[in-house]
Amino acid sequence: MTRSALFVLTSCTVMGQSGRPTGFHLGETVEPWRILEESGFDIDVATVSGHASKMIGHDQENPAHADFLADAKVRGKIENPLSLPRVIPGKYAVIYFVGGHGAMWDFPSNEHLEVITRTIYENGGVVSAICHGQAALVNIRGTDGKYFVAGKRLTSFSYEGEIERGLEKIVPFSLQHALEERGAHYTSAAGRAPHVVADGRLVTGQNPASSASLGRQLVHAFAPT
């Protein structure tokens, strides 16, 4: 299987009717990208709309963010993403759903994402998501008709985290509870502590602080030692 990864970004720019801005989280993009890149992966970017996504989570004082955004090749992929119908699932060994609250609105129930994710996983590839990116996994079913997350260990942004930020009435559903209702074995860490769960070829992270650990687990899941 070739070392090729697909990063999927939300196209949502506003949290529902709240007027609050959202987009894809840069911090959750940079570290996994660089770790995979250093391990020989070629990375493509896709968005739900097929157009460039709005960026959030940019730390102006983080040199890694500055270097990432100054990389012309990276910027070209982020600013000119693939549309989902153009994605060829068989090309990728890894699919990674980047977080950002917008994912709660446009990732679930997307037929293209379901087919792409199921194909990559059933071809022996790795499925990964961080924070709210796991919204993409809520409604996916395998070819056996069962929910993809059923019986699997995972994490995501917690419902407690939504309450702490005053967003529990703004998000369209509780991601944690939706995953649990689909049969997932959910765990989380307190507050903003990093937390990554690897269950075979499913790798999930709870929050931005989990980005680096998730990237390392992705490499391990692809080629375990």
# chains A, B, ... in the order shown; residues from 1 in each chain; ligands from 1
>>> residues_around(residues="region 187-190 of chain A", least_positions_apart="3", cutoff="9 Å", atoms="only C-alpha atoms", output="list of chain:residue names")
A:Arg153, A:Leu154, A:Thr155, A:Ser156, A:Phe157, A:Ser158, A:Glu160, A:Gly161, A:Ala193, A:Pro194, A:His195, A:Val196, A:Val197, A:Gln206
>>> write_last_selection(atoms="C-alpha atoms", output="PDB file, in the first residue's frame")
ATOM      1  CA  ARG A 153     -12.498   2.025  21.087  1.00  0.00           C
ATOM      2  CA  LEU A 154     -12.255   5.720  20.335  1.00  0.00           C
ATOM      3  CA  THR A 155     -12.347   9.274  21.621  1.00  0.00           C
ATOM      4  CA  SER A 156     -13.560  12.660  20.374  1.00  0.00           C
ATOM      5  CA  PHE A 157     -14.331  16.104  21.721  1.00  0.00           C
ATOM      6  CA  SER A 158     -16.391  15.458  24.826  1.00  0.00           C
ATOM      7  CA  GLU A 160     -18.333  18.101  28.900  1.00  0.00           C
ATOM      8  CA  GLY A 161     -16.053  20.159  26.677  1.00  0.00           C
ATOM      9  CA  ALA A 193      -5.265  17.120  28.342  1.00  0.00           C
ATOM     10  CA  PRO A 194      -4.113  15.134  25.296  1.00  0.00           C
ATOM     11  CA  HIS A 195      -5.804  11.795  24.699  1.00  0.00           C
ATOM     12  CA  VAL A 196      -5.353   9.463  21.745  1.00  0.00           C
ATOM     13  CA  VAL A 197      -6.972   6.054  21.255  1.00  0.00           C
ATOM     14  CA  GLN A 206      -9.743  14.133  21.647  1.00  0.00           C
TER      15      GLN A 206
END
>>> closest_residue(among="A:Ile130, A:Ile95, A:Leu175, A:Leu26", to="Leu69 (chain A)", atoms="only C-alpha atoms")
A:Leu26
>>> select_by_dssp(residues="region 58-148 of chain A", states="strand (DSSP E or B)", output="list in words")
Leu82, Ser83, Val94, Ile95, Tyr96, Phe97, Val126, Val127, Ser128, Ala129, Ile130, Arg141 and Tyr147 of chain A
>>> write_last_selection(atoms="C-alpha atoms", output="compact mmCIF listing (two decimals), in the first residue's frame")
# COMPACT_ATOMS: atom_id res chain seq x y z
CA LEU A 82 -10.00 18.12 -4.13
CA SER A 83 -13.77 17.87 -4.26
CA VAL A 94 -4.80 6.90 5.43
CA ILE A 95 -7.80 9.18 5.71
CA TYR A 96 -7.71 11.86 8.40
CA PHE A 97 -10.68 14.02 9.39
CA VAL A 126 -6.13 3.58 8.42
CA VAL A 127 -9.06 5.81 9.42
CA SER A 128 -8.34 8.72 11.74
CA ALA A 129 -10.06 11.78 13.16
CA ILE A 130 -9.51 14.39 15.83
CA ARG A 141 -21.66 1.65 7.89
CA TYR A 147 -22.05 0.98 12.07
>>> select_by_dssp(residues="chain A", states="helix (DSSP H, G or I)", output="PDB file with N, CA and C atoms, in the first residue's frame")
ATOM      1  N   GLY A  27      -4.000  23.889  13.952  1.00  0.00           N
ATOM      2  CA  GLY A  27      -3.150  23.132  14.857  1.00  0.00           C
ATOM      3  C   GLY A  27      -3.331  21.635  14.726  1.00  0.00           C
ATOM      4  N   GLU A  28      -4.545  21.213  14.419  1.00  0.00           N
ATOM      5  CA  GLU A  28      -4.827  19.782  14.256  1.00  0.00           C
ATOM      6  C   GLU A  28      -4.388  19.270  12.888  1.00  0.00           C
ATOM      7  N   THR A  29      -3.986  20.198  12.039  1.00  0.00           N
ATOM      8  CA  THR A  29      -3.517  19.856  10.696  1.00  0.00           C
ATOM      9  C   THR A  29      -2.000  19.769  10.650  1.00  0.00           C
ATOM     10  N   VAL A  30      -1.335  20.755  11.240  1.00  0.00           N
ATOM     11  CA  VAL A  30       0.111  20.909  11.092  1.00  0.00           C
ATOM     12  C   VAL A  30       0.897  19.698  11.589  1.00  0.00           C
ATOM     13  N   GLU A  31       0.678  19.313  12.843  1.00  0.00           N
ATOM     14  CA  GLU A  31       1.526  18.269  13.425  1.00  0.00           C
ATOM     15  C   GLU A  31       1.353  16.904  12.758  1.00  0.00           C
ATOM     16  N   PRO A  32       0.126  16.410  12.569  1.00  0.00           N
ATOM     17  CA  PRO A  32      -0.001  15.132  11.851  1.00  0.00           C
ATOM     18  C   PRO A  32       0.570  15.201  10.436  1.00  0.00           C
ATOM     19  N   TRP A  33       0.376  16.335   9.773  1.00  0.00           N
ATOM     20  CA  TRP A  33       0.885  16.501   8.402  1.00  0.00           C
ATOM     21  C   TRP A  33       2.398  16.334   8.379  1.00  0.00           C
ATOM     22  N   ARG A  34       3.094  17.074   9.239  1.00  0.00           N
ATOM     23  CA  ARG A  34       4.553  17.034   9.247  1.00  0.00           C
ATOM     24  C   ARG A  34       5.086  15.650   9.652  1.00  0.00           C
ATOM     25  N   ILE A  35       4.431  15.017  10.617  1.00  0.00           N
ATOM     26  CA  ILE A  35       4.869  13.690  11.056  1.00  0.00           C
ATOM     27  C   ILE A  35       4.692  12.671   9.935  1.00  0.00           C
ATOM     28  N   LEU A  36       3.567  12.713   9.256  1.00  0.00           N
ATOM     29  CA  LEU A  36       3.348  11.805   8.130  1.00  0.00           C
ATOM     30  C   LEU A  36       4.318  12.111   6.990  1.00  0.00           C
ATOM     31  N   GLU A  37       4.513  13.384   6.727  1.00  0.00           N
ATOM     32  CA  GLU A  37       5.417  13.803   5.659  1.00  0.00           C
ATOM     33  C   GLU A  37       6.843  13.303   5.919  1.00  0.00           C
ATOM     34  N   GLU A  38       7.284  13.430   7.168  1.00  0.00           N
ATOM     35  CA  GLU A  38       8.626  12.961   7.539  1.00  0.00           C
ATOM     36  C   GLU A  38       8.745  11.440   7.437  1.00  0.00           C
ATOM     37  N   PRO A  63       6.079  28.922  15.658  1.00  0.00           N
ATOM     38  CA  PRO A  63       6.880  28.886  14.429  1.00  0.00           C
ATOM     39  C   PRO A  63       6.506  27.740  13.494  1.00  0.00           C
ATOM     40  N   ALA A  64       6.010  26.625  14.068  1.00  0.00           N
ATOM     41  CA  ALA A  64       5.601  25.505  13.224  1.00  0.00           C
ATOM     42  C   ALA A  64       4.423  25.898  12.340  1.00  0.00           C
ATOM     43  N   HIS A  65       3.520  26.708  12.877  1.00  0.00           N
ATOM     44  CA  HIS A  65       2.388  27.186  12.083  1.00  0.00           C
ATOM     45  C   HIS A  65       2.874  28.117  10.981  1.00  0.00           C
ATOM     46  N   ALA A  66       3.806  29.010  11.334  1.00  0.00           N
ATOM     47  CA  ALA A  66       4.331  29.956  10.349  1.00  0.00           C
ATOM     48  C   ALA A  66       5.051  29.223   9.221  1.00  0.00           C
ATOM     49  N   ASP A  67       5.877  28.250   9.566  1.00  0.00           N
ATOM     50  CA  ASP A  67       6.608  27.486   8.553  1.00  0.00           C
ATOM     51  C   ASP A  67       5.650  26.711   7.655  1.00  0.00           C
ATOM     52  N   PHE A  68       4.619  26.145   8.263  1.00  0.00           N
ATOM     53  CA  PHE A  68       3.634  25.365   7.520  1.00  0.00           C
ATOM     54  C   PHE A  68       2.935  26.243   6.485  1.00  0.00           C
ATOM     55  N   LEU A  69       2.500  27.416   6.907  1.00  0.00           N
ATOM     56  CA  LEU A  69       1.769  28.308   6.008  1.00  0.00           C
ATOM     57  C   LEU A  69       2.672  28.968   4.980  1.00  0.00           C
ATOM     58  N   ALA A  70       3.980  28.987   5.256  1.00  0.00           N
ATOM     59  CA  ALA A  70       4.927  29.565   4.307  1.00  0.00           C
ATOM     60  C   ALA A  70       5.352  28.563   3.238  1.00  0.00           C
ATOM     61  N   ALA A  72       4.948  26.676   0.126  1.00  0.00           N
ATOM     62  CA  ALA A  72       4.129  26.900  -1.068  1.00  0.00           C
ATOM     63  C   ALA A  72       3.372  25.648  -1.498  1.00  0.00           C
ATOM     64  N   LYS A  73       4.008  24.466  -1.348  1.00  0.00           N
ATOM     65  CA  LYS A  73       3.349  23.222  -1.738  1.00  0.00           C
ATOM     66  C   LYS A  73       2.143  22.957  -0.853  1.00  0.00           C
ATOM     67  N   VAL A  74       2.324  23.166   0.459  1.00  0.00           N
ATOM     68  CA  VAL A  74       1.226  22.976   1.407  1.00  0.00           C
ATOM     69  C   VAL A  74       0.089  23.947   1.114  1.00  0.00           C
ATOM     70  N   ARG A  75       0.437  25.214   0.968  1.00  0.00           N
ATOM     71  CA  ARG A  75      -0.603  26.221   0.714  1.00  0.00           C
ATOM     72  C   ARG A  75      -1.370  25.910  -0.571  1.00  0.00           C
ATOM     73  N   GLY A  76      -0.654  25.414  -1.569  1.00  0.00           N
ATOM     74  CA  GLY A  76      -1.313  25.077  -2.820  1.00  0.00           C
ATOM     75  C   GLY A  76      -2.365  23.998  -2.643  1.00  0.00           C
ATOM     76  N   LYS A  77      -2.060  22.995  -1.795  1.00  0.00           N
ATOM     77  CA  LYS A  77      -3.017  21.919  -1.571  1.00  0.00           C
ATOM     78  C   LYS A  77      -4.208  22.381  -0.738  1.00  0.00           C
ATOM     79  N   ILE A  78      -3.959  23.237   0.253  1.00  0.00           N
ATOM     80  CA  ILE A  78      -5.036  23.720   1.105  1.00  0.00           C
ATOM     81  C   ILE A  78      -5.926  24.707   0.352  1.00  0.00           C
ATOM     82  N   GLU A  79      -5.332  25.519  -0.484  1.00  0.00           N
ATOM     83  CA  GLU A  79      -6.101  26.530  -1.214  1.00  0.00           C
ATOM     84  C   GLU A  79      -6.762  25.985  -2.470  1.00  0.00           C
ATOM     85  N   LEU A  84     -14.876  16.038  -3.112  1.00  0.00           N
ATOM     86  CA  LEU A  84     -15.043  14.636  -2.730  1.00  0.00           C
ATOM     87  C   LEU A  84     -15.340  13.712  -3.918  1.00  0.00           C
ATOM     88  N   PRO A  85     -16.142  14.138  -4.911  1.00  0.00           N
ATOM     89  CA  PRO A  85     -16.379  13.231  -6.048  1.00  0.00           C
ATOM     90  C   PRO A  85     -15.119  12.930  -6.851  1.00  0.00           C
ATOM     91  N   ARG A  86     -14.086  13.772  -6.712  1.00  0.00           N
ATOM     92  CA  ARG A  86     -12.844  13.562  -7.462  1.00  0.00           C
ATOM     93  C   ARG A  86     -11.868  12.654  -6.720  1.00  0.00           C
ATOM     94  N   PRO A  89     -10.534   6.631  -3.741  1.00  0.00           N
ATOM     95  CA  PRO A  89     -10.216   6.024  -2.449  1.00  0.00           C
ATOM     96  C   PRO A  89      -9.056   5.043  -2.490  1.00  0.00           C
ATOM     97  N   GLY A  90      -8.930   4.292  -3.569  1.00  0.00           N
ATOM     98  CA  GLY A  90      -7.892   3.289  -3.663  1.00  0.00           C
ATOM     99  C   GLY A  90      -6.484   3.850  -3.648  1.00  0.00           C
ATOM    100  N   LYS A  91      -6.357   5.156  -3.800  1.00  0.00           N
ATOM    101  CA  LYS A  91      -5.044   5.801  -3.804  1.00  0.00           C
ATOM    102  C   LYS A  91      -4.476   5.961  -2.404  1.00  0.00           C
ATOM    103  N   ALA A 103     -17.291  20.693  11.332  1.00  0.00           N
ATOM    104  CA  ALA A 103     -17.432  19.292  10.933  1.00  0.00           C
ATOM    105  C   ALA A 103     -18.734  18.677  11.424  1.00  0.00           C
ATOM    106  N   MET A 104     -19.279  19.233  12.504  1.00  0.00           N
ATOM    107  CA  MET A 104     -20.523  18.700  13.059  1.00  0.00           C
ATOM    108  C   MET A 104     -21.698  18.898  12.110  1.00  0.00           C
ATOM    109  N   TRP A 105     -21.577  19.856  11.227  1.00  0.00           N
ATOM    110  CA  TRP A 105     -22.673  20.137  10.306  1.00  0.00           C
ATOM    111  C   TRP A 105     -22.506  19.472   8.945  1.00  0.00           C
ATOM    112  N   ASP A 106     -21.270  19.440   8.406  1.00  0.00           N
ATOM    113  CA  ASP A 106     -21.172  18.946   7.028  1.00  0.00           C
ATOM    114  C   ASP A 106     -20.465  17.595   6.859  1.00  0.00           C
ATOM    115  N   GLU A 111     -22.563  11.138   1.694  1.00  0.00           N
ATOM    116  CA  GLU A 111     -22.429   9.847   1.012  1.00  0.00           C
ATOM    117  C   GLU A 111     -21.029   9.632   0.443  1.00  0.00           C
ATOM    118  N   HIS A 112     -20.410  10.684  -0.045  1.00  0.00           N
ATOM    119  CA  HIS A 112     -19.062  10.546  -0.598  1.00  0.00           C
ATOM    120  C   HIS A 112     -18.069  10.156   0.495  1.00  0.00           C
ATOM    121  N   LEU A 113     -18.174  10.821   1.659  1.00  0.00           N
ATOM    122  CA  LEU A 113     -17.276  10.498   2.764  1.00  0.00           C
ATOM    123  C   LEU A 113     -17.473   9.067   3.242  1.00  0.00           C
ATOM    124  N   GLU A 114     -18.707   8.621   3.230  1.00  0.00           N
ATOM    125  CA  GLU A 114     -18.979   7.249   3.660  1.00  0.00           C
ATOM    126  C   GLU A 114     -18.298   6.245   2.739  1.00  0.00           C
ATOM    127  N   VAL A 115     -18.461   6.427   1.441  1.00  0.00           N
ATOM    128  CA  VAL A 115     -17.865   5.498   0.476  1.00  0.00           C
ATOM    129  C   VAL A 115     -16.344   5.544   0.546  1.00  0.00           C
ATOM    130  N   ILE A 116     -15.778   6.750   0.614  1.00  0.00           N
ATOM    131  CA  ILE A 116     -14.320   6.909   0.651  1.00  0.00           C
ATOM    132  C   ILE A 116     -13.748   6.239   1.894  1.00  0.00           C
ATOM    133  N   THR A 117     -14.357   6.526   3.040  1.00  0.00           N
ATOM    134  CA  THR A 117     -13.853   5.990   4.308  1.00  0.00           C
ATOM    135  C   THR A 117     -13.971   4.472   4.346  1.00  0.00           C
ATOM    136  N   ARG A 118     -15.127   3.962   3.988  1.00  0.00           N
ATOM    137  CA  ARG A 118     -15.343   2.514   4.011  1.00  0.00           C
ATOM    138  C   ARG A 118     -14.361   1.810   3.073  1.00  0.00           C
ATOM    139  N   THR A 119     -14.148   2.370   1.898  1.00  0.00           N
ATOM    140  CA  THR A 119     -13.248   1.741   0.923  1.00  0.00           C
ATOM    141  C   THR A 119     -11.812   1.715   1.438  1.00  0.00           C
ATOM    142  N   ILE A 120     -11.344   2.835   1.986  1.00  0.00           N
ATOM    143  CA  ILE A 120      -9.971   2.884   2.502  1.00  0.00           C
ATOM    144  C   ILE A 120      -9.790   1.867   3.622  1.00  0.00           C
ATOM    145  N   TYR A 121     -10.743   1.813   4.538  1.00  0.00           N
ATOM    146  CA  TYR A 121     -10.616   0.906   5.679  1.00  0.00           C
ATOM    147  C   TYR A 121     -10.686  -0.551   5.233  1.00  0.00           C
ATOM    148  N   GLU A 122     -11.620  -0.876   4.380  1.00  0.00           N
ATOM    149  CA  GLU A 122     -11.790  -2.264   3.963  1.00  0.00           C
ATOM    150  C   GLU A 122     -10.699  -2.711   2.994  1.00  0.00           C
ATOM    151  N   GLY A 133     -13.723  16.049  14.201  1.00  0.00           N
ATOM    152  CA  GLY A 133     -13.635  15.321  12.934  1.00  0.00           C
ATOM    153  C   GLY A 133     -14.348  13.989  12.972  1.00  0.00           C
ATOM    154  N   GLN A 134     -14.500  13.427  14.187  1.00  0.00           N
ATOM    155  CA  GLN A 134     -15.178  12.138  14.331  1.00  0.00           C
ATOM    156  C   GLN A 134     -16.644  12.213  13.931  1.00  0.00           C
ATOM    157  N   ALA A 135     -17.171  13.408  13.708  1.00  0.00           N
ATOM    158  CA  ALA A 135     -18.545  13.526  13.221  1.00  0.00           C
ATOM    159  C   ALA A 135     -18.724  12.788  11.900  1.00  0.00           C
ATOM    160  N   ALA A 136     -17.624  12.658  11.155  1.00  0.00           N
ATOM    161  CA  ALA A 136     -17.683  11.937   9.885  1.00  0.00           C
ATOM    162  C   ALA A 136     -17.982  10.462  10.073  1.00  0.00           C
ATOM    163  N   LEU A 137     -17.671   9.939  11.257  1.00  0.00           N
ATOM    164  CA  LEU A 137     -17.778   8.498  11.496  1.00  0.00           C
ATOM    165  C   LEU A 137     -19.131   8.061  12.050  1.00  0.00           C
ATOM    166  N   TYR A 159     -18.687  15.846  25.446  1.00  0.00           N
ATOM    167  CA  TYR A 159     -19.859  16.689  25.726  1.00  0.00           C
ATOM    168  C   TYR A 159     -19.553  17.658  26.861  1.00  0.00           C
ATOM    169  N   GLU A 160     -18.746  17.211  27.825  1.00  0.00           N
ATOM    170  CA  GLU A 160     -18.333  18.101  28.900  1.00  0.00           C
ATOM    171  C   GLU A 160     -17.578  19.307  28.341  1.00  0.00           C
ATOM    172  N   GLY A 161     -16.780  19.065  27.313  1.00  0.00           N
ATOM    173  CA  GLY A 161     -16.053  20.159  26.677  1.00  0.00           C
ATOM    174  C   GLY A 161     -16.989  21.161  26.023  1.00  0.00           C
ATOM    175  N   GLU A 162     -18.081  20.682  25.424  1.00  0.00           N
ATOM    176  CA  GLU A 162     -19.063  21.595  24.827  1.00  0.00           C
ATOM    177  C   GLU A 162     -19.706  22.464  25.906  1.00  0.00           C
ATOM    178  N   ILE A 163     -20.022  21.834  27.031  1.00  0.00           N
ATOM    179  CA  ILE A 163     -20.634  22.577  28.133  1.00  0.00           C
ATOM    180  C   ILE A 163     -19.674  23.631  28.661  1.00  0.00           C
ATOM    181  N   GLU A 164     -18.417  23.267  28.824  1.00  0.00           N
ATOM    182  CA  GLU A 164     -17.411  24.209  29.335  1.00  0.00           C
ATOM    183  C   GLU A 164     -17.291  25.437  28.444  1.00  0.00           C
ATOM    184  N   LEU A 175     -21.542  14.888  20.035  1.00  0.00           N
ATOM    185  CA  LEU A 175     -20.728  13.936  19.300  1.00  0.00           C
ATOM    186  C   LEU A 175     -20.400  12.717  20.155  1.00  0.00           C
ATOM    187  N   GLN A 176     -20.017  12.948  21.386  1.00  0.00           N
ATOM    188  CA  GLN A 176     -19.692  11.843  22.294  1.00  0.00           C
ATOM    189  C   GLN A 176     -20.857  10.865  22.400  1.00  0.00           C
ATOM    190  N   HIS A 177     -22.028  11.392  22.654  1.00  0.00           N
ATOM    191  CA  HIS A 177     -23.187  10.522  22.866  1.00  0.00           C
ATOM    192  C   HIS A 177     -23.626   9.831  21.569  1.00  0.00           C
ATOM    193  N   ALA A 178     -23.479  10.512  20.436  1.00  0.00           N
ATOM    194  CA  ALA A 178     -23.841   9.893  19.160  1.00  0.00           C
ATOM    195  C   ALA A 178     -22.939   8.697  18.870  1.00  0.00           C
ATOM    196  N   LEU A 179     -21.649   8.837  19.150  1.00  0.00           N
ATOM    197  CA  LEU A 179     -20.721   7.732  18.944  1.00  0.00           C
ATOM    198  C   LEU A 179     -21.051   6.573  19.879  1.00  0.00           C
ATOM    199  N   GLU A 180     -21.369   6.899  21.125  1.00  0.00           N
ATOM    200  CA  GLU A 180     -21.730   5.857  22.092  1.00  0.00           C
ATOM    201  C   GLU A 180     -22.998   5.138  21.670  1.00  0.00           C
ATOM    202  N   GLU A 181     -23.972   5.888  21.141  1.00  0.00           N
ATOM    203  CA  GLU A 181     -25.222   5.283  20.702  1.00  0.00           C
ATOM    204  C   GLU A 181     -25.013   4.337  19.523  1.00  0.00           C
ATOM    205  N   PRO A 208      -7.056  19.474  20.234  1.00  0.00           N
ATOM    206  CA  PRO A 208      -5.834  19.942  19.580  1.00  0.00           C
ATOM    207  C   PRO A 208      -4.554  19.484  20.264  1.00  0.00           C
ATOM    208  N   ALA A 209      -4.583  19.360  21.589  1.00  0.00           N
ATOM    209  CA  ALA A 209      -3.383  18.929  22.323  1.00  0.00           C
ATOM    210  C   ALA A 209      -2.966  17.514  21.962  1.00  0.00           C
ATOM    211  N   SER A 210      -3.850  16.768  21.324  1.00  0.00           N
ATOM    212  CA  SER A 210      -3.579  15.374  20.962  1.00  0.00           C
ATOM    213  C   SER A 210      -2.957  15.230  19.577  1.00  0.00           C
ATOM    214  N   SER A 211      -2.740  16.336  18.882  1.00  0.00           N
ATOM    215  CA  SER A 211      -2.351  16.282  17.469  1.00  0.00           C
ATOM    216  C   SER A 211      -1.053  15.533  17.214  1.00  0.00           C
ATOM    217  N   ALA A 212       0.001  15.847  17.977  1.00  0.00           N
ATOM    218  CA  ALA A 212       1.295  15.209  17.737  1.00  0.00           C
ATOM    219  C   ALA A 212       1.234  13.711  18.038  1.00  0.00           C
ATOM    220  N   SER A 213       0.623  13.349  19.161  1.00  0.00           N
ATOM    221  CA  SER A 213       0.513  11.930  19.521  1.00  0.00           C
ATOM    222  C   SER A 213      -0.290  11.176  18.478  1.00  0.00           C
ATOM    223  N   LEU A 214      -1.335  11.815  17.967  1.00  0.00           N
ATOM    224  CA  LEU A 214      -2.142  11.165  16.937  1.00  0.00           C
ATOM    225  C   LEU A 214      -1.315  10.920  15.685  1.00  0.00           C
ATOM    226  N   GLY A 215      -0.511  11.919  15.287  1.00  0.00           N
ATOM    227  CA  GLY A 215       0.329  11.742  14.116  1.00  0.00           C
ATOM    228  C   GLY A 215       1.266  10.562  14.248  1.00  0.00           C
ATOM    229  N   ARG A 216       1.879  10.417  15.420  1.00  0.00           N
ATOM    230  CA  ARG A 216       2.789   9.289  15.645  1.00  0.00           C
ATOM    231  C   ARG A 216       2.040   7.962  15.625  1.00  0.00           C
ATOM    232  N   GLN A 217       0.831   7.950  16.188  1.00  0.00           N
ATOM    233  CA  GLN A 217       0.035   6.717  16.183  1.00  0.00           C
ATOM    234  C   GLN A 217      -0.411   6.349  14.758  1.00  0.00           C
ATOM    235  N   LEU A 218      -0.616   7.353  13.932  1.00  0.00           N
ATOM    236  CA  LEU A 218      -0.987   7.085  12.543  1.00  0.00           C
ATOM    237  C   LEU A 218       0.115   6.339  11.817  1.00  0.00           C
ATOM    238  N   VAL A 219       1.334   6.800  12.004  1.00  0.00           N
ATOM    239  CA  VAL A 219       2.478   6.135  11.379  1.00  0.00           C
ATOM    240  C   VAL A 219       2.597   4.697  11.889  1.00  0.00           C
ATOM    241  N   HIS A 220       2.425   4.519  13.183  1.00  0.00           N
ATOM    242  CA  HIS A 220       2.524   3.185  13.781  1.00  0.00           C
ATOM    243  C   HIS A 220       1.410   2.265  13.267  1.00  0.00           C
ATOM    244  N   ALA A 221       0.202   2.813  13.155  1.00  0.00           N
ATOM    245  CA  ALA A 221      -0.932   2.007  12.699  1.00  0.00           C
ATOM    246  C   ALA A 221      -0.736   1.556  11.256  1.00  0.00           C
ATOM    247  N   PHE A 222      -0.086   2.388  10.463  1.00  0.00           N
ATOM    248  CA  PHE A 222       0.164   2.028   9.070  1.00  0.00           C
ATOM    249  C   PHE A 222       1.243   0.958   8.945  1.00  0.00           C
TER     250      PHE A 222
END
>>> atom_distance(atom1="CA of Val98 (chain A)", atom2="CA of Thr47 (chain A)")
10.3 Å
